[in-house]
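The next block holds one structure in the form of structure tokens; read it before the comments.
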Amino acid sequence: MFQFLFESTPGIQTFAIIALFIFFVFFTIALIWAIRTDNAYINHLKYLPFDLDNQDGDKNHDKNEE
Amino acid sequence: MALETFSYDNRIVRNFALATAFWGVVGMIVGLLIAFQMYLPSLNFGIPYTTFSRLRPVHTNAVIFAFVGNGIFMGVYYSLQRLCKARIFNDILSKLHFWGWQIIILSAALSLPLGYTLSKEYAELEWPIDVLIAVVWIIFGTNMIGTIIKRRERHMYVAIWFYIATFFTVTILHVVNSLDLPVNLLKSYPIYAGVQDALVQWWYGHNAVAFFLTTPYLGLMYYFLPKAANRPIYSYRLSIVHFWALIFIYIWAGPHHLLYTALPDWAQSLGTVFSIMLIAPSWGGMLNGLLTLRGAWDRVREDPILKFMVVAVTAYGMSTFEGPMLSIKSINALSHYTDWTIAHVHVGALGWNGLLTFGILYWLIPRLYGIKLHSVKLANYHFWIATLGIVFYAIPLYWAGITQGLMWKEFTTDGFLQYPLFLETVLQIVPMYVMRSIGGTIYIIGILFMTYNLYRTIRSGKLVTEEQVQAPAIEVAAFKDEKFSWHHRWLESRPVQFIILATIAVLIGGIIELIPTFLIKTNISTLTAVKPYSPLELEGRDIYIREGCYTCHSQMVRPFRSETERYGEYSKAGEFIYDHPFQWGSKRTGPDVHRVGGKYPDAWHYNHMVEPESMSPGSIMPQYPWLAKNQLDLSNTAVKIRIMQQLGVPYPKDFDQIAVNKLKEQAGQISKSLTEAGIDAQSNTELIAMIAYLQRLGTDIKGISKAPK
């Protein structure tokens, strides 16, 4: 079905390839960025909603769980 | 480190929370009224202002911008202060933002029923309101960015990324899609025409869903779901990929609203490809939300807040899977213009936006008032009622959409349309419309439960307006010694760099799609037979727009045999070059009207507009008798012609000076043909102009200029 759709669209190969290429590069950079990020840093960010313990009664969340 | 004492502004959060609940009730009650009107058109009580076609935009705007809009601001003002460990930037801006937004909503609630509309879906509001929206939105942005800049927490949590992307993208979308030339204070024409207008509109429309109903709510999910579950988000790494992939891809997918239309094929295919890719980041986000509850599912059994959030995230997953599926051309060929789309958007609106908002309200209000929720049991009832309401709403509409789509395409063995009468396919699904309105009623009963529950909670508590907290100030000197790598410091700690990169990511898709359509002439073939509308037709077109005919009638015959057999020659891009704005529509509750010109005599249109059932027994179209009584306003005709000339419509020089005379001449001819048919019609009524416009539709390439007598 996709083959039919693409074949019936003149020039679609180029557009699809450019679009996929741009996305692939973008996605790869984002992925590498995320994977290479330091664990301590990630954990720091992850707990940001809970950091200020003196307001919401969230003191009891268990950081050790992670 | 020295601690600074400051306070959070809870009053502004409370105000937006109350506005969310209030407009939610109003918007959905209007929705319920028009759901009943779908099979009981007389429920407009014979009043123009309460007719389906004028109320439908009131419903959509109220739910999107009033209910969800206030919900966004409520969540952002609460979470941003806490994530930034800073009071909101400026209290006066907060107040201006709140009251400005409510004034916009009220202006919309008044102007849309009165017929002041641009007819571009979810961007119907006329230019003065558009300007006000831009001003208030910038106030919101200033307050948000200001808070981020004066924050005490060095790092920006992912929810803030979503808020930033929302602010900048919505700004761009709103400005680009609202470029109009005013005729007067209450009327304007978009600078774009036809195909370009359609592409810009659906680039906007799709991304209004993306960046108003989705990204800010994902930000809220990333903050409130961990708070409600009392555990951090499942994978922060996944949220990074989720954010960048989502904002980058979403902007490309707009053309999937225009598949098989006169939009250039390459743009359609690009829309399809990127829509399918969207499943990946969307489901990444959904799974991240659901997996946050791993190990806490026992709490979901008892806590209504978590129940609301779980079903909301699940609905997000369902609609973001369904969306890409509907973008596949062969599926879209069946689903488009049917109730399938309506079911799809309501799974998103009622499920994702609605239930997440309710969950947040139940979590937030007791905290703002320093008290427990009045009744957890009632909230549990609300959850079940709301979930059942969605089921009873969506299933009948899926059924209706697929049934009608198949009926439109059904041929007999002899090669004729099985259901040549459009009305037959409508009457077939009326029982489904009845079921849908029952589903909607159930959902609204749930909201009334919530309103009562929150009211009782508020009454027994006291608003903590100024929440005192302490946090250390950011020490700039310590920043350089930061143990985290430079690229994270460079981006995730610096709002300005972050904003620039996010905006570039969003703009790439928009630019690749929009610029070629504006610049490459070959994208729109010019047809020499296509001429500008006559002054009377132009006035008739403005009445067509005012009455909101596009809410039920498309003007786009797709290149399928089932459509060319039913309506006539398929629509060409070049036929719309003078259409400011385009009127392609997105739903066929009635038949397509692009080739209606010359199909029926003037008298048929006259009778049909005054009393549709007299020409189509069983029709569910509302009556428009006021058109036969209202005198046509000619005070702006000359200005309209001049504005059209400025927009590039080739009227002869000084045509504006003879426009009114030309108009009267044509009106006289139509009036005469009506008199010959035994109808006593005045030539100066709005209905005459409407007939002129309808008789003109799609006739340019047919070479037909006059209606059959």
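Numbering starts fresh at 1 for the residues of each chain in the structure tokens, the chains themselves are lettered A, B, ... in the order given, and ligands are numbered from 1 as they appear.
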Chain B contacts to chain A at 9 Å (only C-alpha atoms) as an mmCIF file with N, CA and C atoms, in the first residue's frame:
```
data_model
loop_
_atom_site.group_PDB
_atom_site.id
_atom_site.type_symbol
_atom_site.label_atom_id
_atom_site.label_comp_id
_atom_site.auth_asym_id
_atom_site.auth_seq_id
_atom_site.Cartn_x
_atom_site.Cartn_y
_atom_site.Cartn_z
ATOM 1 N N SER B 79 3.150 24.747 38.996
ATOM 2 C CA SER B 79 4.364 23.935 38.926
ATOM 3 C C SER B 79 5.608 24.773 38.654
ATOM 4 N N ARG B 82 7.199 26.254 41.730
ATOM 5 C CA ARG B 82 7.857 25.249 42.582
ATOM 6 C C ARG B 82 9.095 24.674 41.919
ATOM 7 N N LEU B 83 9.025 24.471 40.608
ATOM 8 C CA LEU B 83 10.204 23.913 39.915
ATOM 9 C C LEU B 83 11.331 24.937 39.839
ATOM 10 N N LYS B 85 11.639 27.300 42.134
ATOM 11 C CA LYS B 85 11.835 27.799 43.503
ATOM 12 C C LYS B 85 11.821 29.327 43.505
ATOM 13 N N GLU B 153 16.559 27.379 41.268
ATOM 14 C CA GLU B 153 17.019 26.030 40.915
ATOM 15 C C GLU B 153 17.726 26.145 39.562
ATOM 16 N N HIS B 155 18.715 23.997 37.332
ATOM 17 C CA HIS B 155 18.331 23.159 36.191
ATOM 18 C C HIS B 155 16.840 23.253 35.901
ATOM 19 N N MET B 156 16.533 23.158 34.632
ATOM 20 C CA MET B 156 15.128 23.237 34.231
ATOM 21 C C MET B 156 14.572 21.831 34.060
ATOM 22 N N TYR B 157 13.587 21.496 34.862
ATOM 23 C CA TYR B 157 12.924 20.187 34.770
ATOM 24 C C TYR B 157 12.205 20.096 33.420
ATOM 25 N N VAL B 158 12.015 18.861 32.943
ATOM 26 C CA VAL B 158 11.480 18.651 31.587
ATOM 27 C C VAL B 158 10.102 19.311 31.390
ATOM 28 N N TYR B 223 4.877 16.775 35.678
ATOM 29 C CA TYR B 223 4.952 17.337 37.035
ATOM 30 C C TYR B 223 3.934 16.683 37.974
ATOM 31 N N PHE B 224 2.660 16.687 37.540
ATOM 32 C CA PHE B 224 1.600 16.293 38.476
ATOM 33 C C PHE B 224 1.481 14.778 38.672
ATOM 34 N N PRO B 226 4.011 12.460 38.760
ATOM 35 C CA PRO B 226 4.933 12.076 39.836
ATOM 36 C C PRO B 226 4.491 12.602 41.200
ATOM 37 N N LYS B 227 3.945 13.806 41.241
ATOM 38 C CA LYS B 227 3.507 14.355 42.526
ATOM 39 C C LYS B 227 2.368 13.511 43.105
ATOM 40 N N ASN B 230 3.613 10.228 44.054
ATOM 41 C CA ASN B 230 4.674 10.365 45.045
ATOM 42 C C ASN B 230 5.921 9.559 44.681
ATOM 43 N N ARG B 231 6.244 9.555 43.425
ATOM 44 C CA ARG B 231 7.471 8.912 42.959
ATOM 45 C C ARG B 231 7.903 9.609 41.677
ATOM 46 N N PRO B 232 9.205 9.626 41.401
ATOM 47 C CA PRO B 232 9.663 10.379 40.232
ATOM 48 C C PRO B 232 9.268 9.706 38.919
ATOM 49 N N ILE B 233 9.415 10.451 37.853
ATOM 50 C CA ILE B 233 9.069 9.923 36.533
ATOM 51 C C ILE B 233 9.918 8.687 36.240
ATOM 52 N N TYR B 234 9.339 7.717 35.525
ATOM 53 C CA TYR B 234 10.003 6.432 35.287
ATOM 54 C C TYR B 234 11.398 6.606 34.700
ATOM 55 N N SER B 235 11.487 7.321 33.574
ATOM 56 C CA SER B 235 12.807 7.495 32.961
ATOM 57 C C SER B 235 12.973 8.943 32.511
ATOM 58 N N TYR B 236 13.876 9.629 33.157
ATOM 59 C CA TYR B 236 14.107 11.009 32.751
ATOM 60 C C TYR B 236 14.789 11.062 31.386
ATOM 61 N N ARG B 237 15.624 10.055 31.114
ATOM 62 C CA ARG B 237 16.291 10.009 29.795
ATOM 63 C C ARG B 237 15.247 9.932 28.685
ATOM 64 N N LEU B 238 14.262 9.080 28.922
ATOM 65 C CA LEU B 238 13.197 8.927 27.921
ATOM 66 C C LEU B 238 12.465 10.258 27.733
ATOM 67 N N SER B 239 12.314 11.007 28.804
ATOM 68 C CA SER B 239 11.598 12.276 28.674
ATOM 69 C C SER B 239 12.393 13.276 27.814
ATOM 70 N N ILE B 240 13.726 13.168 27.862
ATOM 71 C CA ILE B 240 14.549 14.057 27.021
ATOM 72 C C ILE B 240 14.311 13.730 25.550
ATOM 73 N N VAL B 241 14.383 12.430 25.226
ATOM 74 C CA VAL B 241 14.170 12.018 23.828
ATOM 75 C C VAL B 241 12.726 12.323 23.423
ATOM 76 N N TRP B 244 12.376 16.202 22.590
ATOM 77 C CA TRP B 244 12.978 16.703 21.340
ATOM 78 C C TRP B 244 12.351 16.056 20.107
ATOM 79 N N ALA B 245 12.088 14.755 20.193
ATOM 80 C CA ALA B 245 11.494 14.072 19.034
ATOM 81 C C ALA B 245 10.080 14.593 18.783
ATOM 82 N N PHE B 248 9.949 18.190 17.404
ATOM 83 C CA PHE B 248 10.530 18.257 16.067
ATOM 84 C C PHE B 248 9.584 17.670 15.017
ATOM 85 N N ILE B 249 8.953 16.559 15.345
ATOM 86 C CA ILE B 249 8.127 15.876 14.333
ATOM 87 C C ILE B 249 6.741 16.487 14.191
ATOM 88 N N ASP B 265 0.643 16.976 -3.852
ATOM 89 C CA ASP B 265 0.837 15.621 -3.338
ATOM 90 C C ASP B 265 2.034 15.481 -2.411
ATOM 91 N N TRP B 266 3.125 16.191 -2.764
ATOM 92 C CA TRP B 266 4.335 16.008 -1.945
ATOM 93 C C TRP B 266 4.088 16.454 -0.508
ATOM 94 N N ALA B 267 3.291 17.515 -0.349
ATOM 95 C CA ALA B 267 3.010 18.010 1.002
ATOM 96 C C ALA B 267 2.131 17.004 1.745
ATOM 97 N N SER B 269 2.087 13.750 1.267
ATOM 98 C CA SER B 269 2.865 12.568 1.626
ATOM 99 C C SER B 269 3.790 12.854 2.800
ATOM 100 N N LEU B 270 4.345 14.070 2.810
ATOM 101 C CA LEU B 270 5.205 14.466 3.921
ATOM 102 C C LEU B 270 4.410 14.409 5.229
ATOM 103 N N VAL B 273 3.993 10.692 6.274
ATOM 104 C CA VAL B 273 5.220 10.065 6.784
ATOM 105 C C VAL B 273 5.496 10.531 8.223
ATOM 106 N N PHE B 274 5.417 11.832 8.435
ATOM 107 C CA PHE B 274 5.745 12.346 9.758
ATOM 108 C C PHE B 274 4.679 11.989 10.789
ATOM 109 N N ILE B 328 -2.953 7.642 7.285
ATOM 110 C CA ILE B 328 -2.642 6.782 6.133
ATOM 111 C C ILE B 328 -3.733 7.023 5.100
ATOM 112 N N LYS B 329 -3.291 7.278 3.870
ATOM 113 C CA LYS B 329 -4.246 7.776 2.880
ATOM 114 C C LYS B 329 -5.472 6.882 2.701
ATOM 115 N N SER B 330 -5.242 5.562 2.651
ATOM 116 C CA SER B 330 -6.382 4.685 2.373
ATOM 117 C C SER B 330 -7.389 4.698 3.534
ATOM 118 N N ARG B 367 -4.893 21.122 48.279
ATOM 119 C CA ARG B 367 -3.595 21.658 48.700
ATOM 120 C C ARG B 367 -3.614 23.174 48.798
ATOM 121 N N GLU B 467 2.166 31.234 50.099
ATOM 122 C CA GLU B 467 2.784 30.054 50.711
ATOM 123 C C GLU B 467 4.253 30.352 50.972
ATOM 124 N N GLN B 468 4.618 30.518 52.241
ATOM 125 C CA GLN B 468 6.001 30.887 52.594
ATOM 126 C C GLN B 468 6.922 29.690 52.413
ATOM 127 N N VAL B 469 8.051 29.921 51.736
ATOM 128 C CA VAL B 469 9.052 28.854 51.566
ATOM 129 C C VAL B 469 10.449 29.453 51.660
ATOM 130 N N GLN B 470 11.426 28.572 51.756
ATOM 131 C CA GLN B 470 12.817 29.027 51.792
ATOM 132 C C GLN B 470 13.632 28.215 50.802
ATOM 133 N N ALA B 471 14.586 28.878 50.147
ATOM 134 C CA ALA B 471 15.484 28.161 49.239
ATOM 135 C C ALA B 471 16.766 28.970 49.098
ATOM 136 N N LYS B 483 29.667 20.062 38.470
ATOM 137 C CA LYS B 483 30.295 18.780 38.128
ATOM 138 C C LYS B 483 29.732 18.177 36.834
ATOM 139 N N PHE B 484 28.575 18.685 36.399
ATOM 140 C CA PHE B 484 27.971 18.102 35.212
ATOM 141 C C PHE B 484 28.623 18.658 33.944
ATOM 142 N N SER B 485 28.542 17.851 32.861
ATOM 143 C CA SER B 485 29.298 18.181 31.649
ATOM 144 C C SER B 485 28.837 19.508 31.028
ATOM 145 N N HIS B 487 27.961 20.480 28.071
ATOM 146 C CA HIS B 487 26.827 20.629 27.146
ATOM 147 C C HIS B 487 25.509 20.682 27.898
ATOM 148 N N HIS B 488 25.461 20.018 29.051
ATOM 149 C CA HIS B 488 24.233 20.123 29.831
ATOM 150 C C HIS B 488 24.126 21.500 30.469
ATOM 151 N N ALA B 505 14.104 23.875 16.196
ATOM 152 C CA ALA B 505 13.592 22.520 15.959
ATOM 153 C C ALA B 505 12.159 22.567 15.448
ATOM 154 N N GLY B 509 10.396 22.123 10.329
ATOM 155 C CA GLY B 509 9.276 21.467 9.653
ATOM 156 C C GLY B 509 8.338 22.461 9.000
#
```
Which residues come within 9 Å of segment 417-425 of chain B, counting only C-alpha atoms, excluding same-chain residues fewer than 5 positions away, as a PyMOL selection string? chain B and resi 403-405+407-412+562+565-566+590-591+616-620
Which residues are close to segment 372-380 of chain B, i.e. within 8 Å by only C-alpha atoms, leaving aside same-chain residues fewer than 4 positions away? Reply as a VMD selection string. chain B and resid 303 to 304 362 365 to 367 384 449 to 450 453 to 454 456 to 457
Those same residues, written as a short mmCIF file (atom, residue, chain, number, x, y, z; two decimals), in the first residue's frame with all heavy atoms?
```cif
data_model
loop_
_atom_site.label_atom_id
_atom_site.label_comp_id
_atom_site.auth_asym_id
_atom_site.auth_seq_id
_atom_site.Cartn_x
_atom_site.Cartn_y
_atom_site.Cartn_z
N ASP B 303 -7.06 5.46 44.81
CA ASP B 303 -6.90 6.91 44.68
C ASP B 303 -7.54 7.40 43.37
O ASP B 303 -7.03 7.11 42.28
CB ASP B 303 -5.40 7.24 44.69
CG ASP B 303 -5.15 8.74 44.67
OD1 ASP B 303 -6.14 9.48 44.53
OD2 ASP B 303 -3.99 9.14 44.78
N PRO B 304 -8.66 8.14 43.46
CA PRO B 304 -9.32 8.58 42.22
C PRO B 304 -8.41 9.48 41.36
O PRO B 304 -8.53 9.48 40.14
CB PRO B 304 -10.55 9.34 42.71
CG PRO B 304 -10.29 9.67 44.14
CD PRO B 304 -9.36 8.61 44.66
N TYR B 362 -8.50 17.79 41.43
CA TYR B 362 -8.72 17.07 42.70
C TYR B 362 -7.46 17.06 43.56
O TYR B 362 -7.53 16.99 44.77
CB TYR B 362 -9.15 15.61 42.41
CG TYR B 362 -10.60 15.46 42.01
CD1 TYR B 362 -10.95 14.82 40.83
CD2 TYR B 362 -11.62 15.92 42.84
CE1 TYR B 362 -12.27 14.66 40.46
CE2 TYR B 362 -12.95 15.75 42.49
CZ TYR B 362 -13.27 15.13 41.29
OH TYR B 362 -14.59 14.97 40.94
N ILE B 365 -6.75 21.56 44.42
CA ILE B 365 -7.64 22.39 45.23
C ILE B 365 -7.47 22.12 46.73
O ILE B 365 -7.31 23.05 47.52
CB ILE B 365 -9.11 22.22 44.76
CG1 ILE B 365 -9.29 22.79 43.35
CG2 ILE B 365 -10.10 22.85 45.74
CD1 ILE B 365 -9.29 24.29 43.25
N PRO B 366 -7.48 20.83 47.16
CA PRO B 366 -7.28 20.60 48.60
C PRO B 366 -5.95 21.18 49.09
O PRO B 366 -5.87 21.69 50.20
CB PRO B 366 -7.28 19.07 48.72
CG PRO B 366 -8.04 18.60 47.54
CD PRO B 366 -7.72 19.57 46.45
N ARG B 367 -4.89 21.12 48.28
CA ARG B 367 -3.60 21.66 48.70
C ARG B 367 -3.61 23.17 48.80
O ARG B 367 -3.00 23.77 49.68
CB ARG B 367 -2.51 21.19 47.74
CG ARG B 367 -2.01 19.80 48.10
CD ARG B 367 -1.17 19.17 47.02
NE ARG B 367 -0.68 17.86 47.46
CZ ARG B 367 -1.42 16.76 47.52
NH1 ARG B 367 -2.69 16.79 47.15
NH2 ARG B 367 -0.90 15.62 47.94
N TRP B 384 -15.75 7.02 37.38
CA TRP B 384 -16.46 5.98 36.63
C TRP B 384 -17.48 6.57 35.67
O TRP B 384 -17.65 6.10 34.54
CB TRP B 384 -17.13 4.98 37.59
CG TRP B 384 -16.09 4.10 38.22
CD1 TRP B 384 -15.67 4.11 39.51
CD2 TRP B 384 -15.27 3.13 37.54
NE1 TRP B 384 -14.66 3.19 39.69
CE2 TRP B 384 -14.40 2.57 38.51
CE3 TRP B 384 -15.19 2.67 36.22
CZ2 TRP B 384 -13.46 1.60 38.19
CZ3 TRP B 384 -14.26 1.69 35.91
CH2 TRP B 384 -13.41 1.16 36.89
N PHE B 449 -20.72 16.62 39.38
CA PHE B 449 -20.29 15.98 40.64
C PHE B 449 -18.99 16.65 41.12
O PHE B 449 -18.84 16.97 42.29
CB PHE B 449 -20.01 14.49 40.41
CG PHE B 449 -21.22 13.60 40.50
CD1 PHE B 449 -22.47 14.06 40.11
CD2 PHE B 449 -21.11 12.31 40.97
CE1 PHE B 449 -23.58 13.24 40.18
CE2 PHE B 449 -22.21 11.47 41.04
CZ PHE B 449 -23.44 11.93 40.64
N MET B 450 -18.06 16.83 40.18
CA MET B 450 -16.76 17.40 40.54
C MET B 450 -16.93 18.83 41.05
O MET B 450 -16.34 19.22 42.06
CB MET B 450 -15.83 17.40 39.33
CG MET B 450 -14.47 18.02 39.63
SD MET B 450 -13.47 18.28 38.17
CE MET B 450 -14.25 19.74 37.46
N ASN B 453 -18.19 18.77 44.50
CA ASN B 453 -17.15 18.26 45.41
C ASN B 453 -16.10 19.34 45.69
O ASN B 453 -15.72 19.57 46.83
CB ASN B 453 -16.50 17.04 44.74
CG ASN B 453 -15.90 16.09 45.75
OD1 ASN B 453 -15.85 16.40 46.94
ND2 ASN B 453 -15.42 14.95 45.28
N LEU B 454 -15.69 20.03 44.64
CA LEU B 454 -14.66 21.06 44.81
C LEU B 454 -15.24 22.26 45.56
O LEU B 454 -14.58 22.87 46.40
CB LEU B 454 -14.10 21.50 43.45
CG LEU B 454 -13.31 20.43 42.68
CD1 LEU B 454 -12.80 21.00 41.35
CD2 LEU B 454 -12.13 19.90 43.50
N ARG B 456 -17.59 22.20 47.85
CA ARG B 456 -17.66 21.86 49.27
C ARG B 456 -16.26 21.89 49.91
O ARG B 456 -16.11 22.31 51.05
CB ARG B 456 -18.29 20.46 49.47
CG ARG B 456 -19.78 20.40 49.16
CD ARG B 456 -20.61 21.25 50.13
NE ARG B 456 -20.45 20.83 51.51
CZ ARG B 456 -21.26 20.00 52.14
NH1 ARG B 456 -22.31 19.49 51.53
NH2 ARG B 456 -21.05 19.67 53.40
N THR B 457 -15.26 21.46 49.15
CA THR B 457 -13.89 21.48 49.66
C THR B 457 -13.45 22.92 49.91
O THR B 457 -12.92 23.25 50.97
CB THR B 457 -12.93 20.83 48.63
OG1 THR B 457 -13.46 19.56 48.25
CG2 THR B 457 -11.54 20.65 49.19
#
```
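Comparing B:Gly698, B:Gly597, B:Gly289, B:Pro581 by their smallest distance to Thr117 of chain B, the closest is B:Pro581 (using only C-alpha atoms).
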Taking the DSSP assignment computed from this structure's backbone, write out as a VMD selection string all residues of segment 347-384 of chain B that belong to helix (DSSP H, G or I). chain B and resid 347 to 368 376 to 384
Which residues in segment 91-197 of chain B does DSSP call strand (DSSP E)? List them as JSON, numbers by chain. {"B": [180, 181, 182, 183, 184, 187, 188, 189, 190]}
Any idea what's packed within 9 Å of Leu125 of chain B, counting only C-alpha atoms, ignoring anything in its chain fewer than 5 positions away? Could you give it as a ChimeraX atom specification? /B:107-108,111-112,116-120,130
Filtering to N, CA, C and O atoms, could you give me those residues as an mmCIF file, in the first residue's frame?
```
data_model
loop_
_atom_site.group_PDB
_atom_site.id
_atom_site.type_symbol
_atom_site.label_atom_id
_atom_site.label_comp_id
_atom_site.auth_asym_id
_atom_site.auth_seq_id
_atom_site.Cartn_x
_atom_site.Cartn_y
_atom_site.Cartn_z
ATOM 1 N N SER B 107 -15.329 37.626 24.841
ATOM 2 C CA SER B 107 -15.473 38.208 23.491
ATOM 3 C C SER B 107 -15.803 37.120 22.479
ATOM 4 O O SER B 107 -16.613 37.321 21.571
ATOM 5 N N ALA B 108 -15.154 35.966 22.648
ATOM 6 C CA ALA B 108 -15.431 34.856 21.730
ATOM 7 C C ALA B 108 -16.860 34.368 21.922
ATOM 8 O O ALA B 108 -17.577 34.123 20.942
ATOM 9 N N SER B 111 -18.991 37.123 20.230
ATOM 10 C CA SER B 111 -18.824 37.422 18.801
ATOM 11 C C SER B 111 -19.156 36.222 17.905
ATOM 12 O O SER B 111 -19.686 36.399 16.811
ATOM 13 N N LEU B 112 -18.857 35.020 18.364
ATOM 14 C CA LEU B 112 -19.120 33.860 17.495
ATOM 15 C C LEU B 112 -20.616 33.625 17.257
ATOM 16 O O LEU B 112 -21.027 33.471 16.107
ATOM 17 N N TYR B 116 -19.587 36.873 13.895
ATOM 18 C CA TYR B 116 -18.316 37.482 13.540
ATOM 19 C C TYR B 116 -17.254 36.400 13.578
ATOM 20 O O TYR B 116 -16.759 36.021 14.634
ATOM 21 N N THR B 117 -16.918 35.886 12.430
ATOM 22 C CA THR B 117 -16.018 34.734 12.374
ATOM 23 C C THR B 117 -15.165 34.768 11.112
ATOM 24 O O THR B 117 -15.605 35.244 10.076
ATOM 25 N N LEU B 118 -13.945 34.237 11.259
ATOM 26 C CA LEU B 118 -13.070 34.098 10.084
ATOM 27 C C LEU B 118 -13.282 32.746 9.419
ATOM 28 O O LEU B 118 -12.745 32.491 8.353
ATOM 29 N N SER B 119 -13.989 31.868 10.099
ATOM 30 C CA SER B 119 -14.341 30.531 9.610
ATOM 31 C C SER B 119 -13.141 29.598 9.506
ATOM 32 O O SER B 119 -13.245 28.529 8.928
ATOM 33 N N LYS B 120 -11.996 29.991 10.073
ATOM 34 C CA LYS B 120 -10.852 29.066 10.075
ATOM 35 C C LYS B 120 -10.890 28.318 11.402
ATOM 36 O O LYS B 120 -10.812 28.942 12.466
ATOM 37 N N ASP B 130 -7.947 38.633 17.972
ATOM 38 C CA ASP B 130 -6.642 38.020 17.676
ATOM 39 C C ASP B 130 -5.501 38.856 18.241
ATOM 40 O O ASP B 130 -4.522 38.327 18.773
#
```
Leaving out Gln268 of chain B and any residue of its chain fewer than 2 positions from it, which residues lie within 7 Å of it when counting only C-alpha atoms, given as an MDAnalysis selection string? chainID B and resid 255:256 258:259 263:266 270:272
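Of the residues listed (B:Ser94, B:Thr338, B:Gln102, B:Gln81), B:Thr338 shows the shortest atom-to-atom separation from Lys587 of chain B; distances use only C-alpha atoms.
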Counting only C-alpha atoms, the residue of B:Leu181, B:Met221, B:Ile133, B:Ala333 that sits nearest Thr292 of chain B: B:Met221
